[in-house]
Amino acid sequence: MSRGNLIVVSAPSGTGKTTIVKALLATYPSMLFSVSATTRPRRETEVEGRDYFFLQREDFERRIAAGELVEWEEIYGNLYGTLKSEVEKALTTGRTMLFDIDVKGGLSIKRMYADDSVIVFIKPPNIEVLRDRLLNRKTEDEATFKRRMDRVAMELGMASQFDYQVVNDNLEYAIAEVDKLVAEHTSQERRV
Ligand code: ADP
Ligand code: 5GP
């Protein structure tokens, strides 16, 4: 069974993975978060270096060529990727790292770090609920909203390849389910 230093949370956009990941980071103070690189513009609530490293496309492509990314995907017209330097922070120190990445990226991490990773797929209760969550988040214009919804069927079709699946209907329950997996696969101290 995997040792589970890398805990990957993947889901179609709007399902709630960022909300769940933030709750776990608040519960486990020594857990690291893999800050991804992206060419997407920063949202108002996001902080450079905390939520993402926001890069120009040329810079991102230069880093791919230099071998600085362990996986990357073009999603909704932007590049998103996991930096080798982030993964090494966890693997070289034995700490646990949480990933909030797309479904294909989650499977890439499993392929590369099979013994060190646990990959969890978060499912929406149904497509209508997912659509409402994405609309209520108010971060997307019509075109990007549509692009996100267009990927959902493909992403849901990959759920069975994950180590675990958790439905995010009731948020507290979903957080507790992922928390149980963290407790099972790692030895994290809870915040007291
Ligand atoms: P993702 O990171 O998967 O794109 P977010 O964490 O941004 O999704 O969640 C999308 C929206 O849905 C946010 O506005 C969040 O507050 C809300 N949300 C998340 N989980 C639930 C839930 N179980 N019930 C209702 N709303 C939720
Ligand atoms: P958002 O624009 O909503 O922040 O993210 C869009 C999608 O990109 C989400 O599914 C998010 O999890 C994913 N994503 C974020 N970082 C990475 C990454 O490093 N690699 C991959 N493959 N996907 C990522």
# chains A, B, ... in the order shown; residues from 1 in each chain; ligands from 1

$ residues_near_ligand --ligand "ligand 1" --cutoff "8 Å" --atoms "only C-alpha atoms and all ligand atoms" --output "PyMOL selection string"
chain A and resi 10-20+100+130+133-134+136-138+168-172+174

$ select_by_dssp --residues "chain A" --states "helix (DSSP H, G or I)" --output "PDB file with C-alpha atoms, in the first residue's frame"
ATOM      1  CA  LYS A  17     -11.756  20.435  -4.016  1.00  0.00           C
ATOM      2  CA  THR A  18     -10.145  23.768  -3.125  1.00  0.00           C
ATOM      3  CA  THR A  19     -12.598  24.176  -0.216  1.00  0.00           C
ATOM      4  CA  ILE A  20     -11.786  20.666   1.051  1.00  0.00           C
ATOM      5  CA  VAL A  21      -8.017  21.127   0.646  1.00  0.00           C
ATOM      6  CA  LYS A  22      -8.114  24.426   2.584  1.00  0.00           C
ATOM      7  CA  ALA A  23     -10.033  22.777   5.435  1.00  0.00           C
ATOM      8  CA  LEU A  24      -7.422  20.008   5.680  1.00  0.00           C
ATOM      9  CA  LEU A  25      -4.528  22.478   5.634  1.00  0.00           C
ATOM     10  CA  ALA A  26      -6.189  24.273   8.556  1.00  0.00           C
ATOM     11  CA  THR A  27      -6.524  20.959  10.437  1.00  0.00           C
ATOM     12  CA  ARG A  57       3.213  31.647 -21.087  1.00  0.00           C
ATOM     13  CA  GLU A  58       6.799  32.083 -22.387  1.00  0.00           C
ATOM     14  CA  ASP A  59       8.165  31.634 -18.865  1.00  0.00           C
ATOM     15  CA  PHE A  60       5.989  28.537 -18.312  1.00  0.00           C
ATOM     16  CA  GLU A  61       7.155  27.011 -21.607  1.00  0.00           C
ATOM     17  CA  ARG A  62      10.785  27.769 -20.784  1.00  0.00           C
ATOM     18  CA  ARG A  63      10.365  25.917 -17.473  1.00  0.00           C
ATOM     19  CA  ILE A  64       8.826  22.898 -19.246  1.00  0.00           C
ATOM     20  CA  ALA A  65      11.833  22.803 -21.575  1.00  0.00           C
ATOM     21  CA  LYS A  84       9.437  19.517  -9.306  1.00  0.00           C
ATOM     22  CA  SER A  85      10.768  21.846  -6.604  1.00  0.00           C
ATOM     23  CA  GLU A  86       7.414  21.613  -4.747  1.00  0.00           C
ATOM     24  CA  VAL A  87       7.256  17.790  -4.832  1.00  0.00           C
ATOM     25  CA  GLU A  88      10.860  17.555  -3.652  1.00  0.00           C
ATOM     26  CA  LYS A  89      10.029  19.723  -0.640  1.00  0.00           C
ATOM     27  CA  ALA A  90       7.812  16.875   0.580  1.00  0.00           C
ATOM     28  CA  LEU A  91       9.779  13.847  -0.589  1.00  0.00           C
ATOM     29  CA  VAL A 103      -8.034  14.801 -12.950  1.00  0.00           C
ATOM     30  CA  LYS A 104      -5.393  14.049 -15.606  1.00  0.00           C
ATOM     31  CA  GLY A 105      -2.716  15.657 -13.429  1.00  0.00           C
ATOM     32  CA  GLY A 106      -3.780  13.455 -10.500  1.00  0.00           C
ATOM     33  CA  LEU A 107      -3.322  10.336 -12.614  1.00  0.00           C
ATOM     34  CA  SER A 108       0.092  11.603 -13.805  1.00  0.00           C
ATOM     35  CA  ILE A 109       1.249  11.998 -10.189  1.00  0.00           C
ATOM     36  CA  LYS A 110       0.115   8.424  -9.472  1.00  0.00           C
ATOM     37  CA  ARG A 111       2.069   7.122 -12.473  1.00  0.00           C
ATOM     38  CA  MET A 112       5.233   8.926 -11.382  1.00  0.00           C
ATOM     39  CA  ILE A 127     -24.196  17.826 -12.815  1.00  0.00           C
ATOM     40  CA  GLU A 128     -26.921  20.371 -11.893  1.00  0.00           C
ATOM     41  CA  VAL A 129     -25.432  20.912  -8.440  1.00  0.00           C
ATOM     42  CA  LEU A 130     -21.990  21.283 -10.004  1.00  0.00           C
ATOM     43  CA  ARG A 131     -23.283  23.899 -12.446  1.00  0.00           C
ATOM     44  CA  ASP A 132     -24.924  25.854  -9.603  1.00  0.00           C
ATOM     45  CA  ARG A 133     -21.741  25.807  -7.492  1.00  0.00           C
ATOM     46  CA  LEU A 134     -19.643  27.064 -10.368  1.00  0.00           C
ATOM     47  CA  LEU A 135     -22.181  29.810 -11.141  1.00  0.00           C
ATOM     48  CA  ASN A 136     -22.493  30.821  -7.471  1.00  0.00           C
ATOM     49  CA  ARG A 137     -18.699  31.088  -7.161  1.00  0.00           C
ATOM     50  CA  GLU A 142     -19.821  32.682 -19.841  1.00  0.00           C
ATOM     51  CA  ALA A 143     -17.069  31.361 -22.128  1.00  0.00           C
ATOM     52  CA  THR A 144     -14.849  29.963 -19.361  1.00  0.00           C
ATOM     53  CA  PHE A 145     -17.893  28.565 -17.517  1.00  0.00           C
ATOM     54  CA  LYS A 146     -18.820  26.645 -20.677  1.00  0.00           C
ATOM     55  CA  ARG A 147     -15.270  25.360 -21.158  1.00  0.00           C
ATOM     56  CA  ARG A 148     -15.249  24.059 -17.592  1.00  0.00           C
ATOM     57  CA  MET A 149     -18.607  22.292 -18.028  1.00  0.00           C
ATOM     58  CA  ASP A 150     -17.457  20.782 -21.357  1.00  0.00           C
ATOM     59  CA  VAL A 152     -16.943  17.328 -16.846  1.00  0.00           C
ATOM     60  CA  ALA A 153     -18.055  14.113 -18.593  1.00  0.00           C
ATOM     61  CA  MET A 154     -14.470  13.237 -19.582  1.00  0.00           C
ATOM     62  CA  GLU A 155     -13.307  13.883 -16.002  1.00  0.00           C
ATOM     63  CA  LEU A 156     -16.101  11.851 -14.364  1.00  0.00           C
ATOM     64  CA  ALA A 159     -13.021   8.552 -11.450  1.00  0.00           C
ATOM     65  CA  SER A 160     -12.641   4.767 -11.234  1.00  0.00           C
ATOM     66  CA  GLN A 161      -8.871   5.028 -11.849  1.00  0.00           C
ATOM     67  CA  LEU A 171     -19.345  19.580   2.832  1.00  0.00           C
ATOM     68  CA  GLU A 172     -18.582  18.620   6.452  1.00  0.00           C
ATOM     69  CA  TYR A 173     -19.066  14.953   5.628  1.00  0.00           C
ATOM     70  CA  ALA A 174     -16.811  15.169   2.534  1.00  0.00           C
ATOM     71  CA  ILE A 175     -14.069  16.912   4.545  1.00  0.00           C
ATOM     72  CA  ALA A 176     -14.339  14.214   7.229  1.00  0.00           C
ATOM     73  CA  GLU A 177     -14.047  11.459   4.612  1.00  0.00           C
ATOM     74  CA  VAL A 178     -10.863  12.921   3.081  1.00  0.00           C
ATOM     75  CA  ASP A 179      -9.545  13.606   6.590  1.00  0.00           C
ATOM     76  CA  LYS A 180     -10.000   9.882   7.379  1.00  0.00           C
ATOM     77  CA  LEU A 181      -7.863   8.992   4.340  1.00  0.00           C
ATOM     78  CA  VAL A 182      -5.141  11.425   5.442  1.00  0.00           C
ATOM     79  CA  ALA A 183      -5.169   9.900   8.922  1.00  0.00           C
ATOM     80  CA  GLU A 184      -5.029   6.388   7.470  1.00  0.00           C
ATOM     81  CA  HIS A 185      -2.097   7.040   5.113  1.00  0.00           C
TER      82      HIS A 185
END

$ select_by_dssp --residues "chain A" --states "strand (DSSP E or B)" --output "PyMOL selection string"
chain A and resi 6-10+32-33+36-38+48+52-54+69-75+78-83+97-100+117-123+164-167

$ residues_around --residues "range 92-99 of chain A" --least-positions-apart "2" --cutoff "7 Å" --atoms "only C-alpha atoms" --output "list in words"
Asn5, Leu6, Ile7, Val8, Val9, Met31, Leu32, Phe33, Ser34, Glu88, Lys89, Ala90 and Ile101 of chain A

$ closest_residue --among "A:Gly157, A:Gly49, A:Pro125, A:Pro41" --to "ligand 2" --atoms "only C-alpha atoms and all ligand atoms"
A:Pro41
